[in-house]
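Below is the file upload04.pdb, which contains PDB, C-alpha atoms and all ligand atoms.
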ATOM      1  CA  MET A  19    -129.282  80.212 -25.825
ATOM      2  CA  ASP A  20    -125.871  79.371 -27.281
ATOM      3  CA  PHE A  21    -123.479  82.232 -26.502
ATOM      4  CA  GLY A  22    -121.068  80.994 -29.197
ATOM      5  CA  LEU A  23    -118.011  81.501 -27.019
ATOM      6  CA  HIS A  24    -116.393  78.056 -27.269
ATOM      7  CA  ASP A  25    -113.733  79.133 -29.765
ATOM      8  CA  ARG A  26    -113.199  82.581 -28.298
ATOM      9  CA  HIS A  27    -110.353  83.909 -26.159
ATOM     10  CA  ALA A  28    -111.177  86.617 -23.618
ATOM     11  CA  LEU A  29    -108.673  88.848 -21.824
ATOM     12  CA  VAL A  30    -110.124  90.099 -18.537
ATOM     13  CA  LEU A  31    -108.367  92.843 -16.562
ATOM     14  CA  GLY A  32    -108.768  93.293 -12.803
ATOM     15  CA  ALA A  33    -109.723  89.630 -12.707
ATOM     16  CA  SER A  34    -108.276  88.504  -9.382
ATOM     17  CA  GLN A  35    -111.430  89.414  -7.437
ATOM     18  CA  GLY A  36    -114.767  91.228  -7.555
ATOM     19  CA  LEU A  37    -116.408  92.200 -10.841
ATOM     20  CA  GLY A  38    -113.505  91.135 -13.078
ATOM     21  CA  LEU A  39    -113.315  87.687 -11.522
ATOM     22  CA  ALA A  40    -117.089  87.271 -11.780
ATOM     23  CA  ALA A  41    -116.977  88.183 -15.484
ATOM     24  CA  ALA A  42    -114.058  85.790 -16.065
ATOM     25  CA  LYS A  43    -115.999  82.973 -14.380
ATOM     26  CA  ALA A  44    -119.114  83.672 -16.460
ATOM     27  CA  LEU A  45    -117.058  83.590 -19.684
ATOM     28  CA  LEU A  46    -115.364  80.352 -18.609
ATOM     29  CA  ALA A  47    -118.748  78.809 -17.829
ATOM     30  CA  GLU A  48    -119.785  79.625 -21.432
ATOM     31  CA  GLY A  49    -116.750  77.753 -22.796
ATOM     32  CA  ALA A  50    -114.351  80.626 -23.613
ATOM     33  CA  ARG A  51    -110.611  80.513 -23.016
ATOM     34  CA  VAL A  52    -109.864  83.255 -20.502
ATOM     35  CA  THR A  53    -106.664  85.094 -19.595
ATOM     36  CA  MET A  54    -107.037  86.823 -16.249
ATOM     37  CA  SER A  55    -104.821  89.778 -15.372
ATOM     38  CA  ALA A  56    -104.216  91.827 -12.205
ATOM     39  CA  ARG A  57    -101.179  92.883 -10.160
ATOM     40  CA  THR A  58    -101.070  89.919  -7.784
ATOM     41  CA  LEU A  59    -100.086  86.610  -9.389
ATOM     42  CA  GLU A  60    -100.824  84.627  -6.197
ATOM     43  CA  ARG A  61    -104.428  85.861  -6.129
ATOM     44  CA  LEU A  62    -104.886  85.102  -9.840
ATOM     45  CA  LEU A  63    -103.508  81.580  -9.385
ATOM     46  CA  ALA A  64    -105.653  81.008  -6.296
ATOM     47  CA  ALA A  65    -108.741  82.095  -8.255
ATOM     48  CA  ARG A  66    -107.781  79.760 -11.097
ATOM     49  CA  ASP A  67    -107.105  76.859  -8.703
ATOM     50  CA  ALA A  68    -110.619  77.220  -7.302
ATOM     51  CA  LEU A  69    -112.198  76.619 -10.744
ATOM     52  CA  PRO A  70    -113.584  73.264 -11.897
ATOM     53  CA  ALA A  71    -110.743  71.217 -13.530
ATOM     54  CA  GLU A  72    -112.192  71.499 -17.046
ATOM     55  CA  GLN A  73    -112.253  75.322 -16.807
ATOM     56  CA  ARG A  74    -108.799  75.503 -15.208
ATOM     57  CA  ALA A  75    -107.285  74.008 -18.335
ATOM     58  CA  ARG A  76    -108.404  76.985 -20.442
ATOM     59  CA  CYS A  77    -107.751  79.698 -17.868
ATOM     60  CA  PHE A  78    -104.435  81.575 -17.941
ATOM     61  CA  ALA A  79    -102.886  84.286 -15.759
ATOM     62  CA  VAL A  80    -100.684  87.323 -16.446
ATOM     63  CA  ALA A  81     -99.618  89.608 -13.594
ATOM     64  CA  ALA A  82     -99.026  93.286 -14.411
ATOM     65  CA  GLU A  83     -99.409  96.728 -12.831
ATOM     66  CA  LEU A  84    -101.573  98.750 -15.218
ATOM     67  CA  GLY A  85     -99.735 101.934 -14.244
ATOM     68  CA  ASP A  86     -96.453 100.612 -15.679
ATOM     69  CA  ALA A  87     -95.483 102.042 -19.059
ATOM     70  CA  ASP A  88     -95.080  98.601 -20.652
ATOM     71  CA  ALA A  89     -98.128  96.966 -19.004
ATOM     72  CA  ALA A  90    -100.228  96.748 -22.172
ATOM     73  CA  GLN A  91     -97.491  95.019 -24.193
ATOM     74  CA  GLN A  92     -96.680  92.715 -21.265
ATOM     75  CA  ILE A  93    -100.326  91.676 -20.809
ATOM     76  CA  ILE A  94    -100.981  91.175 -24.523
ATOM     77  CA  ALA A  95     -97.792  89.121 -24.996
ATOM     78  CA  GLY A  96     -98.675  86.889 -22.015
ATOM     79  CA  ALA A  97    -102.305  86.465 -23.076
ATOM     80  CA  GLN A  98    -101.557  85.653 -26.710
ATOM     81  CA  ALA A  99     -98.727  83.245 -25.844
ATOM     82  CA  GLN A 100    -101.081  81.198 -23.660
ATOM     83  CA  GLY A 101    -104.519  81.570 -25.257
ATOM     84  CA  GLY A 102    -103.958  82.766 -28.836
ATOM     85  CA  PRO A 103    -105.382  85.913 -30.460
ATOM     86  CA  VAL A 104    -107.686  87.904 -28.186
ATOM     87  CA  ASP A 105    -111.323  88.056 -29.389
ATOM     88  CA  ILE A 106    -112.840  89.661 -26.287
ATOM     89  CA  LEU A 107    -111.268  92.403 -24.174
ATOM     90  CA  LEU A 108    -112.860  93.175 -20.848
ATOM     91  CA  ASN A 109    -111.303  96.399 -19.533
ATOM     92  CA  ASN A 110    -111.387  96.773 -15.760
ATOM     93  CA  THR A 111    -109.137  98.630 -13.318
ATOM     94  CA  GLY A 112    -108.906  99.440  -9.646
ATOM     95  CA  GLY A 113    -111.017 102.367  -8.475
ATOM     96  CA  PRO A 114    -109.563 105.795  -7.473
ATOM     97  CA  PRO A 115    -109.701 107.223  -3.939
ATOM     98  CA  ALA A 116    -112.862 108.889  -2.627
ATOM     99  CA  GLY A 117    -113.010 112.525  -1.463
ATOM    100  CA  ALA A 118    -114.621 115.909  -1.999
ATOM    101  CA  PRO A 119    -114.433 117.364  -5.537
ATOM    102  CA  SER A 120    -112.755 120.504  -4.193
ATOM    103  CA  ALA A 121    -110.014 118.384  -2.578
ATOM    104  CA  ILE A 122    -108.792 116.726  -5.795
ATOM    105  CA  LYS A 123    -105.030 117.030  -6.284
ATOM    106  CA  PRO A 124    -104.211 117.327 -10.003
ATOM    107  CA  ALA A 125    -100.994 115.275  -9.617
ATOM    108  CA  GLU A 126    -102.971 112.433  -8.039
ATOM    109  CA  MET A 127    -105.559 112.643 -10.802
ATOM    110  CA  SER A 128    -102.794 112.357 -13.343
ATOM    111  CA  GLU A 129    -101.473 109.210 -11.606
ATOM    112  CA  GLN A 130    -104.962 107.692 -11.637
ATOM    113  CA  PHE A 131    -105.321 108.556 -15.320
ATOM    114  CA  ASP A 132    -102.177 106.495 -15.935
ATOM    115  CA  ARG A 133    -103.738 103.488 -14.127
ATOM    116  CA  MET A 134    -107.372 103.776 -15.207
ATOM    117  CA  VAL A 135    -107.442 105.428 -18.635
ATOM    118  CA  ARG A 136    -104.148 105.339 -20.561
ATOM    119  CA  PRO A 137    -103.557 101.542 -20.302
ATOM    120  CA  VAL A 138    -107.202 100.846 -21.189
ATOM    121  CA  VAL A 139    -106.938 102.969 -24.334
ATOM    122  CA  GLU A 140    -103.576 101.388 -25.167
ATOM    123  CA  LEU A 141    -104.813  97.793 -24.752
ATOM    124  CA  THR A 142    -107.973  98.540 -26.679
ATOM    125  CA  LEU A 143    -106.133 100.085 -29.628
ATOM    126  CA  ALA A 144    -103.558  97.289 -29.690
ATOM    127  CA  LEU A 145    -106.208  94.548 -29.760
ATOM    128  CA  VAL A 146    -108.955  96.115 -31.859
ATOM    129  CA  ALA A 147    -106.821  95.970 -35.011
ATOM    130  CA  GLY A 148    -106.675  92.135 -34.906
ATOM    131  CA  MET A 149    -110.389  91.894 -34.084
ATOM    132  CA  ARG A 150    -111.245  94.024 -37.128
ATOM    133  CA  ALA A 151    -108.946  92.007 -39.366
ATOM    134  CA  ARG A 152    -110.631  88.754 -38.202
ATOM    135  CA  GLY A 153    -114.100  90.299 -38.540
ATOM    136  CA  TRP A 154    -115.211  89.589 -34.970
ATOM    137  CA  GLY A 155    -114.517  91.195 -31.617
ATOM    138  CA  ARG A 156    -115.976  92.411 -28.343
ATOM    139  CA  ILE A 157    -114.640  95.279 -26.255
ATOM    140  CA  LEU A 158    -116.290  95.763 -22.893
ATOM    141  CA  THR A 159    -115.259  98.338 -20.318
ATOM    142  CA  ILE A 160    -116.405  98.356 -16.730
ATOM    143  CA  ALA A 161    -117.071 101.944 -15.603
ATOM    144  CA  SER A 162    -119.582 103.112 -12.989
ATOM    145  CA  SER A 163    -123.100 104.490 -12.641
ATOM    146  CA  GLY A 164    -121.200 107.720 -11.817
ATOM    147  CA  VAL A 165    -120.731 108.458 -15.532
ATOM    148  CA  VAL A 166    -124.513 108.934 -15.825
ATOM    149  CA  GLN A 167    -125.292 110.309 -12.364
ATOM    150  CA  PRO A 168    -122.085 111.558 -10.686
ATOM    151  CA  ILE A 169    -121.437 110.038  -7.254
ATOM    152  CA  PRO A 170    -120.795 112.940  -4.826
ATOM    153  CA  HIS A 171    -117.741 111.525  -3.007
ATOM    154  CA  LEU A 172    -116.129 109.876  -6.079
ATOM    155  CA  PRO A 173    -115.288 112.886  -8.323
ATOM    156  CA  MET A 174    -112.133 111.328  -9.762
ATOM    157  CA  SER A 175    -114.039 108.199 -10.730
ATOM    158  CA  ASN A 176    -116.830 110.286 -12.304
ATOM    159  CA  ALA A 177    -114.319 112.344 -14.302
ATOM    160  CA  LEU A 178    -111.796 109.716 -15.449
ATOM    161  CA  ARG A 179    -114.367 107.090 -16.386
ATOM    162  CA  SER A 180    -116.248 109.711 -18.427
ATOM    163  CA  THR A 181    -113.117 110.062 -20.555
ATOM    164  CA  LEU A 182    -113.428 106.359 -21.366
ATOM    165  CA  VAL A 183    -117.110 106.822 -22.217
ATOM    166  CA  GLY A 184    -116.172 109.413 -24.845
ATOM    167  CA  PHE A 185    -113.375 107.269 -26.264
ATOM    168  CA  MET A 186    -115.342 103.999 -26.385
ATOM    169  CA  LYS A 187    -118.411 105.630 -27.937
ATOM    170  CA  SER A 188    -116.222 107.187 -30.638
ATOM    171  CA  LEU A 189    -114.467 103.877 -31.311
ATOM    172  CA  ALA A 190    -117.760 101.969 -31.473
ATOM    173  CA  GLY A 191    -118.816 103.977 -34.512
ATOM    174  CA  GLU A 192    -115.536 103.389 -36.319
ATOM    175  CA  VAL A 193    -115.392  99.601 -35.906
ATOM    176  CA  ALA A 194    -119.071  98.564 -35.962
ATOM    177  CA  GLY A 195    -118.928  97.619 -39.650
ATOM    178  CA  ASP A 196    -116.065  95.181 -38.992
ATOM    179  CA  GLY A 197    -117.980  92.925 -36.590
ATOM    180  CA  VAL A 198    -116.519  94.501 -33.453
ATOM    181  CA  THR A 199    -118.843  95.780 -30.742
ATOM    182  CA  VAL A 200    -117.765  98.287 -28.084
ATOM    183  CA  ASN A 201    -119.872  98.692 -24.952
ATOM    184  CA  MET A 202    -119.553  99.812 -21.357
ATOM    185  CA  VAL A 203    -121.021  98.106 -18.315
ATOM    186  CA  LEU A 204    -122.004 100.366 -15.433
ATOM    187  CA  PRO A 205    -122.176  98.794 -11.982
ATOM    188  CA  GLY A 206    -124.276 100.602  -9.382
ATOM    189  CA  ARG A 207    -123.514  98.949  -6.058
ATOM    190  CA  ILE A 208    -122.330  95.359  -6.382
ATOM    191  CA  ALA A 209    -121.152  93.567  -3.232
ATOM    192  CA  THR A 210    -117.355  93.390  -3.640
ATOM    193  CA  ALA A 211    -114.274  94.293  -1.594
ATOM    194  CA  ARG A 212    -114.270  97.763  -3.209
ATOM    195  CA  THR A 213    -117.879  98.450  -2.120
ATOM    196  CA  LEU A 214    -117.096  97.258   1.391
ATOM    197  CA  SER A 215    -114.046  99.513   1.537
ATOM    198  CA  LEU A 216    -116.046 102.564   0.332
ATOM    199  CA  ASP A 217    -118.799 101.858   2.888
ATOM    200  CA  SER A 218    -116.183 101.424   5.633
ATOM    201  CA  GLY A 219    -114.585 104.751   4.652
ATOM    202  CA  LEU A 220    -117.945 106.523   4.821
ATOM    203  CA  ALA A 221    -118.721 104.902   8.180
ATOM    204  CA  GLN A 222    -115.381 106.104   9.538
ATOM    205  CA  ARG A 223    -115.755 109.641   8.190
ATOM    206  CA  THR A 224    -119.269 110.030   9.596
ATOM    207  CA  GLY A 225    -118.738 108.091  12.858
ATOM    208  CA  ARG A 226    -121.537 105.649  12.027
ATOM    209  CA  ALA A 227    -121.699 101.874  12.154
ATOM    210  CA  LEU A 228    -120.744 100.109   8.905
ATOM    211  CA  ALA A 229    -123.958  98.043   9.031
ATOM    212  CA  ASP A 230    -126.056 101.242   9.190
ATOM    213  CA  VAL A 231    -124.217 102.807   6.248
ATOM    214  CA  ALA A 232    -124.667  99.652   4.136
ATOM    215  CA  LYS A 233    -128.338  99.314   5.118
ATOM    216  CA  GLU A 234    -129.095 102.915   4.184
ATOM    217  CA  SER A 235    -127.253 102.534   0.885
ATOM    218  CA  ALA A 236    -129.148  99.337  -0.004
ATOM    219  CA  ALA A 237    -132.457 100.988   0.910
ATOM    220  CA  SER A 238    -131.729 103.799  -1.580
ATOM    221  CA  ILE A 239    -131.683 101.274  -4.448
ATOM    222  CA  PRO A 240    -135.093 100.365  -5.922
ATOM    223  CA  ALA A 241    -134.121  96.668  -5.827
ATOM    224  CA  GLY A 242    -133.539  97.147  -2.073
ATOM    225  CA  ARG A 243    -130.151  95.397  -2.047
ATOM    226  CA  TYR A 244    -126.645  95.381  -3.513
ATOM    227  CA  GLY A 245    -126.157  93.294  -6.644
ATOM    228  CA  THR A 246    -124.093  90.122  -6.604
ATOM    229  CA  PRO A 247    -120.884  89.721  -8.647
ATOM    230  CA  GLU A 248    -122.584  86.787 -10.406
ATOM    231  CA  GLU A 249    -125.439  89.029 -11.601
ATOM    232  CA  PHE A 250    -122.852  91.427 -12.987
ATOM    233  CA  GLY A 251    -120.690  88.722 -14.599
ATOM    234  CA  ALA A 252    -123.680  87.259 -16.427
ATOM    235  CA  VAL A 253    -124.342  90.588 -18.172
ATOM    236  CA  CYS A 254    -120.701  90.782 -19.293
ATOM    237  CA  ALA A 255    -120.856  87.243 -20.711
ATOM    238  CA  PHE A 256    -123.993  88.082 -22.679
ATOM    239  CA  LEU A 257    -122.504  91.309 -24.102
ATOM    240  CA  ALA A 258    -119.434  89.281 -25.153
ATOM    241  CA  SER A 259    -121.579  86.640 -26.820
ATOM    242  CA  ALA A 260    -122.407  86.019 -30.478
ATOM    243  CA  PRO A 261    -126.133  86.843 -29.998
ATOM    244  CA  ALA A 262    -125.187  90.323 -28.681
ATOM    245  CA  SER A 263    -123.847  91.270 -32.138
ATOM    246  CA  TYR A 264    -126.198  94.251 -32.664
ATOM    247  CA  ILE A 265    -125.510  95.950 -29.313
ATOM    248  CA  THR A 266    -122.741  98.520 -29.658
ATOM    249  CA  GLY A 267    -121.885 102.000 -28.425
ATOM    250  CA  SER A 268    -124.109 101.378 -25.403
ATOM    251  CA  LEU A 269    -123.807 101.966 -21.674
ATOM    252  CA  ILE A 270    -125.459  99.008 -19.953
ATOM    253  CA  ARG A 271    -126.516  99.635 -16.364
ATOM    254  CA  VAL A 272    -126.362  96.844 -13.796
ATOM    255  CA  ASP A 273    -127.637  98.818 -10.842
ATOM    256  CA  GLY A 274    -130.935  97.495  -9.513
ATOM    257  CA  GLY A 275    -132.586 100.718 -10.725
ATOM    258  CA  ALA A 276    -130.231 103.000  -8.754
ATOM    259  CA  ILE A 277    -129.873 105.570 -11.562
ATOM    260  CA  ARG A 278    -133.190 107.424 -11.572
ATOM    261  CA  SER A 279    -133.020 109.018 -15.000
ATOM    262  CA  ILE A 280    -134.188 107.245 -18.176
TER     263      ILE A 280
HETATM  264  N1  LIG A 301    -118.347  97.044  -7.077
HETATM  265  C1  LIG A 301    -119.137  98.036  -7.478
HETATM  266  O1  LIG A 301    -120.322  98.097  -7.142
HETATM  267  C2  LIG A 301    -118.592  99.128  -8.356
HETATM  268  C3  LIG A 301    -119.399 100.232  -8.643
HETATM  269  C4  LIG A 301    -118.924 101.222  -9.492
HETATM  270  C5  LIG A 301    -117.646 101.112 -10.012
HETATM  271  N2  LIG A 301    -116.892 100.026  -9.718
HETATM  272  C6  LIG A 301    -115.541  99.965 -10.284
HETATM  273  O2  LIG A 301    -115.405  98.767 -11.037
HETATM  274  C7  LIG A 301    -114.057  98.292 -10.914
HETATM  275  C8  LIG A 301    -114.074  96.871 -10.355
HETATM  276  O3  LIG A 301    -114.775  96.889  -9.133
HETATM  277  P1  LIG A 301    -114.555  95.802  -7.990
HETATM  278  O4  LIG A 301    -115.595  96.092  -6.993
HETATM  279  O5  LIG A 301    -114.428  94.449  -8.566
HETATM  280  O6  LIG A 301    -113.118  96.288  -7.435
HETATM  281  P2  LIG A 301    -112.038  95.471  -6.601
HETATM  282  O7  LIG A 301    -112.683  94.422  -5.775
HETATM  283  O8  LIG A 301    -111.200  96.511  -5.927
HETATM  284  O9  LIG A 301    -111.137  94.733  -7.739
HETATM  285  C9  LIG A 301    -110.264  95.460  -8.529
HETATM  286  C10 LIG A 301    -109.442  94.512  -9.393
HETATM  287  O10 LIG A 301    -108.495  95.275 -10.143
HETATM  288  C11 LIG A 301    -107.149  94.833  -9.855
HETATM  289  N3  LIG A 301    -106.302  96.027  -9.819
HETATM  290  C12 LIG A 301    -106.421  97.095  -8.979
HETATM  291  N4  LIG A 301    -105.495  98.016  -9.259
HETATM  292  C13 LIG A 301    -104.762  97.535 -10.301
HETATM  293  C14 LIG A 301    -103.641  98.028 -11.030
HETATM  294  N5  LIG A 301    -103.081  99.205 -10.725
HETATM  295  N6  LIG A 301    -103.133  97.247 -12.027
HETATM  296  C15 LIG A 301    -103.685  96.055 -12.338
HETATM  297  N7  LIG A 301    -104.762  95.549 -11.693
HETATM  298  C16 LIG A 301    -105.279  96.275 -10.677
HETATM  299  C17 LIG A 301    -107.268  94.124  -8.512
HETATM  300  O11 LIG A 301    -106.326  93.086  -8.326
HETATM  301  P3  LIG A 301    -104.872  93.327  -7.691
HETATM  302  O12 LIG A 301    -105.067  94.083  -6.424
HETATM  303  O13 LIG A 301    -104.313  91.961  -7.522
HETATM  304  O14 LIG A 301    -104.120  94.091  -8.713
HETATM  305  C18 LIG A 301    -108.654  93.490  -8.630
HETATM  306  O15 LIG A 301    -108.571  92.285  -9.359
HETATM  307  C19 LIG A 301    -113.334  99.288 -10.006
HETATM  308  O16 LIG A 301    -112.718 100.279 -10.781
HETATM  309  C20 LIG A 301    -114.458  99.900  -9.211
HETATM  310  O17 LIG A 301    -114.156 101.188  -8.720
HETATM  311  C21 LIG A 301    -117.320  99.044  -8.897
END

Kindly present the structure from the file in structure tokens form.
Ligand SMILES: NC(=O)c1ccc[n+]([C@@H]2O[C@H](COP(=O)([O-])OP(=O)(O)OC[C@H]3O[C@@H](n4cnc5c(N)ncnc54)[C@H](OP(=O)(O)O)[C@@H]3O)[C@@H](O)[C@H]2O)c1
Amino acid sequence: MDFGLHDRHALVLGASQGLGLAAAKALLAEGARVTMSARTLERLLAARDALPAEQRARCFAVAAELGDADAAQQIIAGAQAQGGPVDILLNNTGGPPAGAPSAIKPAEMSEQFDRMVRPVVELTLALVAGMRARGWGRILTIASSGVVQPIPHLPMSNALRSTLVGFMKSLAGEVAGDGVTVNMVLPGRIATARTLSLDSGLAQRTGRALADVAKESAASIPAGRYGTPEEFGAVCAFLASAPASYITGSLIRVDGGAIRSI
């Protein structure tokens, strides 16, 4: 299948490692130009240096802290200067801290909103106008299975990402007639540094071995294992592709069957 991405420019947030990097690599493999963004320029450049030479030439980097007030403008200016107008926006952020729902501190939630929600809305609104004018665009947002089935120890993630679900679903309806699709991709448990850190935290809190925690977690998934970043990235590349033109306003699960409801 031809994904039709050779003339497209994708901006991928949180792209220095994990799910964002996997999505960036999948888009590069399909021929897109890709601007990768995250806070750490060294990590972005190291990820780019590890790519095959042909892909390196159409891979760009912009470092920015999403919590900064001017992050969206900074990222867009850097991406457009290097790769041209943005056709595909892949929203991705760091995850919030874990803890009991009753222990949430409103001030901390507000800070996380400014890193996980506000800049995503700002970037989306700033870029969707050009996509609509050009008659083609893809907006993808990485969230979590927690927006369908709340994860007990990640209440801030469940709550803040659900705000993005409401916003993206609303936007999808407004822009569908202009050739722009808006979807969310929901990872269950994909083997990344974030998953390892959450498992390590749980192991520490419960006094159990990390290997036992990870084994029990994998056993709770119908697929019997964590997903790989490559499996996740491939889904993002397809949703960004030309053939995915009639999928919009959807939440796509990549979870090995972990969410039990239909
Ligand atoms: N992995 C899973 O199974 C899973 C499941 C459900 C939800 N999620 C969520 O999906 C997202 C990606 O997951 P992941 O596993 O790939 O996480 P990860 O390994 O922690 O990667 C997060 C990425 O975001 C960047 N980042 C973090 N904070 C940032 C900030 N304030 N400003 C700009 N960039 C920032 C990081 O790079 P720098 O540190 O260089 O900035 C990194 O590139 C996270 O929100 C995670 O909670 C993941």

Rows by chain and residue number, chain A within 7 Å of ligand LIG 301 (chain A), shortest pair, all atoms listed in the file, as a Markdown table:
| residue | atom | partner | partner_atom | distance |
| --- | --- | --- | --- | --- |
| A:Leu31 | CA | A:LIG301 | N7 | 6.6 |
| A:Gly32 | CA | A:LIG301 | O10 | 3.3 |
| A:Ala33 | CA | A:LIG301 | O15 | 4.4 |
| A:Ser34 | CA | A:LIG301 | O15 | 3.8 |
| A:Gln35 | CA | A:LIG301 | O15 | 4.5 |
| A:Gly36 | CA | A:LIG301 | O5 | 3.4 |
| A:Leu37 | CA | A:LIG301 | O5 | 3.8 |
| A:Gly38 | CA | A:LIG301 | O5 | 5.7 |
| A:Leu39 | CA | A:LIG301 | O15 | 7.0 |
| A:Ser55 | CA | A:LIG301 | N7 | 6.8 |
| A:Ala56 | CA | A:LIG301 | N7 | 3.8 |
| A:Arg57 | CA | A:LIG301 | O14 | 3.5 |
| A:Thr58 | CA | A:LIG301 | O13 | 3.8 |
| A:Arg61 | CA | A:LIG301 | O13 | 6.3 |
| A:Ala82 | CA | A:LIG301 | C15 | 5.8 |
| A:Glu83 | CA | A:LIG301 | N6 | 3.8 |
| A:Leu84 | CA | A:LIG301 | N6 | 3.9 |
| A:Gly85 | CA | A:LIG301 | N5 | 5.6 |
| A:Asn110 | CA | A:LIG301 | C7 | 5.7 |
| A:Thr111 | CA | A:LIG301 | O10 | 4.7 |
| A:Gly112 | CA | A:LIG301 | C12 | 3.5 |
| A:Gly113 | CA | A:LIG301 | O17 | 3.4 |
| A:Pro114 | CA | A:LIG301 | O17 | 6.6 |
| A:Arg133 | CA | A:LIG301 | N5 | 5.5 |
| A:Ile160 | CA | A:LIG301 | O2 | 5.8 |
| A:Ala161 | CA | A:LIG301 | C5 | 5.7 |
| A:Ser162 | CA | A:LIG301 | C4 | 4.0 |
| A:Ser163 | CA | A:LIG301 | C4 | 6.2 |
| A:Leu204 | CA | A:LIG301 | C4 | 6.7 |
| A:Pro205 | CA | A:LIG301 | C3 | 4.6 |
| A:Gly206 | CA | A:LIG301 | C3 | 4.9 |
| A:Arg207 | CA | A:LIG301 | O1 | 3.5 |
| A:Ile208 | CA | A:LIG301 | O1 | 3.5 |
| A:Ala209 | CA | A:LIG301 | N1 | 5.9 |
| A:Thr210 | CA | A:LIG301 | O4 | 4.7 |
| A:Ala211 | CA | A:LIG301 | O7 | 4.5 |
| A:Arg212 | CA | A:LIG301 | O8 | 4.3 |
| A:Thr213 | CA | A:LIG301 | N1 | 5.2 |

Option closest in space to A:Ile270, from A:Asn201, A:Arg51, A:Arg179, A:Ile122 [counting all atoms listed in the file]: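 Closest to A:Ile270, using all atoms listed in the file: A:Asn201.
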
d(atom CA of A:Ser120, atom CA of A:Leu214) in Å: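 So the two atoms, atom CA of A:Ser120 and atom CA of A:Leu214, lie 24.3 Å apart.
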
Residues returned when the PyMOL selection byres (((chain A and resi 196) around 7) and not hetatm) runs on this file, as a ChimeraX atom specification: /A:150,153-154,193-195,197-198

Residues selected by the PyMOL selection byres (((chain A and resi 86-102) around 9) and not hetatm), written as a PyMOL selection string: chain A and resi 27-29+51-55+76-85+103-104+132-133+137-138+140-141+144-145

Nearest candidate to A:Leu107 (options A:Ile265, A:Val253, A:Leu220, A:Leu143; using only C-alpha atoms):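 For A:Leu107, the nearest of the candidates is A:Leu143.
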
Point-to-point distance from atom CA of A:Asp105 to atom CA of A:Lys43, Å rounded to tenths: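 Between these atoms lies a distance of 16.5 Å.
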
Distance of atom CA of A:Ile239 from atom CA of A:Val272, expressed in Å to one decimal place: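 Answer for the atom CA of A:Val272 to atom CA of A:Ile239 separation: 11.6 Å.
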
Name the residues that the PyMOL selection byres (((chain A and resi 190) around 8) and not hetatm) picks from the file above, as a PDB file with C-alpha atoms, in the coordinates of the input, using the file's chain letters and numbers.
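Saved as expr_35.pdb:
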ATOM      1  CA  MET A 186    -115.342 103.999 -26.385  1.00  0.00           C
ATOM      2  CA  LYS A 187    -118.411 105.630 -27.937  1.00  0.00           C
ATOM      3  CA  SER A 188    -116.222 107.187 -30.638  1.00  0.00           C
ATOM      4  CA  LEU A 189    -114.467 103.877 -31.311  1.00  0.00           C
ATOM      5  CA  GLY A 191    -118.816 103.977 -34.512  1.00  0.00           C
ATOM      6  CA  GLU A 192    -115.536 103.389 -36.319  1.00  0.00           C
ATOM      7  CA  VAL A 193    -115.392  99.601 -35.906  1.00  0.00           C
ATOM      8  CA  ALA A 194    -119.071  98.564 -35.962  1.00  0.00           C
ATOM      9  CA  VAL A 198    -116.519  94.501 -33.453  1.00  0.00           C
ATOM     10  CA  THR A 199    -118.843  95.780 -30.742  1.00  0.00           C
ATOM     11  CA  VAL A 200    -117.765  98.287 -28.084  1.00  0.00           C
ATOM     12  CA  ASN A 201    -119.872  98.692 -24.952  1.00  0.00           C
ATOM     13  CA  THR A 266    -122.741  98.520 -29.658  1.00  0.00           C
ATOM     14  CA  GLY A 267    -121.885 102.000 -28.425  1.00  0.00           C
TER      15      GLY A 267
END

Using all atoms listed in the file: which of A:Pro261, A:Gly155, A:Pro247, A:Gly274 has the shortest distance to A:Asp20: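 Nearest to A:Asp20: A:Pro261.
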
Could you give me the axis-aligned bounding box of stretch 29-44 of chain A, with 8 Å of padding per side, as centre plus edge lengths in Å to one decimal, as AutoDock Vina command-line options?
--center_x -113.7 --center_y 88.1 --center_z -14.6 --size_x 26.8 --size_y 26.3 --size_z 30.4

Best match for closeness to A:Thr142 among A:Leu182, A:Ala68, A:Ala47, A:Ala118, counting all atoms listed in the file: A:Leu182

Residue nearest A:Glu126 among A:Leu257, A:Met174, A:Ala232, A:Leu62 (counting all atoms listed in the file): A:Met174

Given only C-alpha atoms as the counted atoms, nearest of A:Phe250, A:Tyr244, A:Phe256, A:Phe131 to A:Thr181: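 For A:Thr181, the nearest of the given residues is A:Phe131.
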